[in-house]
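S.K.: Below are the structure tokens for one structure; questions will follow.
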Amino acid sequence: MVGPSHIHGRGVFAARRIRRGTRIVEYKGERISNREADRRYDDTTMKRHHTFLFNLDKKTVVDGAISAGGGDASYINHSCDPNCEAIIRAKRIYIHAKRTIEPGEELAYDYQYERTGKNDDKLEKFYFCKCGALNCRGSIMKPATKKLRRPSGSRSSRATSRSKRRPVMTRS
Ligand SMILES: C[S@@+](CC[C@H](N)C(=O)[O-])C[C@H]1O[C@@H](n2cnc3c(N)ncnc32)[C@H](O)[C@@H]1O
Ligand SMILES: [Zn+2]
């Protein structure tokens, strides 16, 4: 169920008890290039960060805006202590329960926006987190301590690229 969230704007809430490991919903939307994603959502001109983008792979981004074919999953907010995780299977993004979720609980996964290595302090403020978890790291970016695994030639190694600062997920 989509409804008002204490974290941000609208969020998604469990209508019933959801068992750990359950595939809850697919993150749907239009498949677009990094360049098109940057064109549609220009962080540099946004007063406050707000997008519906999800990195599917190095070249493909899913735009989950309702106007781009998105569904309820597009309203799932970020938490630093998430009860869900996003998993890619056969080039589709699914939201799974990380633990048992009780009726009425807000669903959330860890967006883990990529760090560029440059301006990270400033970016942490731009991508500030309001999840309210006891272990909130204050930003929806990846934890600073985690070592980045970047494939060689990945665009994310370019400090100026904005394209990787979108939710990333567990691959299986
Ligand atoms: C896919 S939307 C999620 C739905 C959003 N709440 C809405 O009403 O449109 C992602 C955006 O929600 C906001 N957001 C999600 N989780 C957040 C959090 N923990 N703290 C601050 N903003 C958050 C950010 O603006 C982010 O770009
Ligand atoms: Zn947080």
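Letters for chains follow the order of the structure tokens (A, B, ...), residue numbers begin at 1 for each chain, and ligand numbers begin at 1 in the order shown.
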Please check which protein, DNA or RNA residues sit within 10 Å of ligand 1, counting only C-alpha atoms and all ligand atoms, and write them as JSON, numbers by chain.
M.R.: {"A": [2, 3, 4, 5, 6, 7, 8, 9, 10, 11, 12, 27, 41, 43, 48, 49, 50, 51, 52, 53, 54, 63, 64, 65, 66, 70, 72, 73, 74, 75, 76, 77, 78, 79, 80, 81, 82, 108, 109, 110, 111, 126, 127, 128, 129, 130, 131, 132, 133, 136, 138, 139, 140, 165, 166, 167]}
S.K.: To test your reading of the structure, identify every residue in range 19-169 of chain A that backbone DSSP assigns to helix (DSSP H, G or I), and report it as a list of chain:residue names.
M.R.: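 Filtering range 19-169 of chain A to helix (DSSP H, G or I) leaves A:Asn34, A:Arg35, A:Glu36, A:Ala37, A:Asp38, A:Arg39, A:Arg40, A:Asp43, A:Thr44, A:Thr45, A:Ile66, A:Ser67, A:Ala68, A:Asp72, A:Ala73, A:Ser74, A:Tyr75, A:Asp120, A:Asp121, A:Lys122, A:Leu123, A:Glu124, A:Lys125, A:Phe126, A:Arg155, A:Ser156, A:Ser157.
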S.K.: Excluding Tyr94 in chain A and its own-chain neighbours fewer than 5 positions away, which residues fall within 9 Å of it when counting only C-alpha atoms? Please give them as a ChimeraX atom specification.
M.R.: /A:23-28,73,85-89
S.K.: Do a neighbour search on Ile18 in chain A at 8 Å with only C-alpha atoms, toss out local chain neighbours closer than 5 positions, and write the hits as a list in words.
M.R.: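 After dropping sequence-adjacent residues, the list is Ala97, Thr100, Ile101, Glu102 and Pro103 of chain A.
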S.K.: Take CA of Arg16 in chain A and CA of Gln112 in chain A and report the distance between them in Å, one decimal.
M.R.: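 Those two atoms sit 27.0 Å apart.
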S.K.: Between CA of Thr44 in chain A and CA of Lys125 in chain A, what is the distance in Å, rounded to a tenth?
M.R.: 13.5 Å
S.K.: So which one's closest to ligand 2, A:Glu124, A:Ala144, A:Arg137, A:Glu36? Using only C-alpha atoms and all ligand atoms, please.
M.R.: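 Nearest to ligand 2: A:Arg137.
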S.K.: Nearest residue to ligand 2 out of A:Thr45, A:Thr60, A:Ser67, A:Asn135, using only C-alpha atoms and all ligand atoms?
M.R.: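 Counting only C-alpha atoms and all ligand atoms, the residue closest to ligand 2 is A:Asn135.
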S.K.: Restricting the calculation to only C-alpha atoms, which member of A:Lys59, A:Arg40, A:Arg92, A:Lys142 is positioned closest to Arg115 in chain A?
M.R.: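 Once distances to Arg115 in chain A are computed over only C-alpha atoms, the minimum belongs to A:Lys142.
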S.K.: So which one's closest to Met141 in chain A, A:Ala37, A:Ile95, A:Asp121, A:Tyr113? Using only C-alpha atoms, please.
M.R.: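 With only C-alpha atoms as the atom set, the closest residue is A:Tyr113.
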S.K.: Report, in Å with one decimal, the straight-line distance from CA of His96 in chain A to CA of Ala15 in chain A.
M.R.: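 Distance reported for this atom pair: 15.0 Å.
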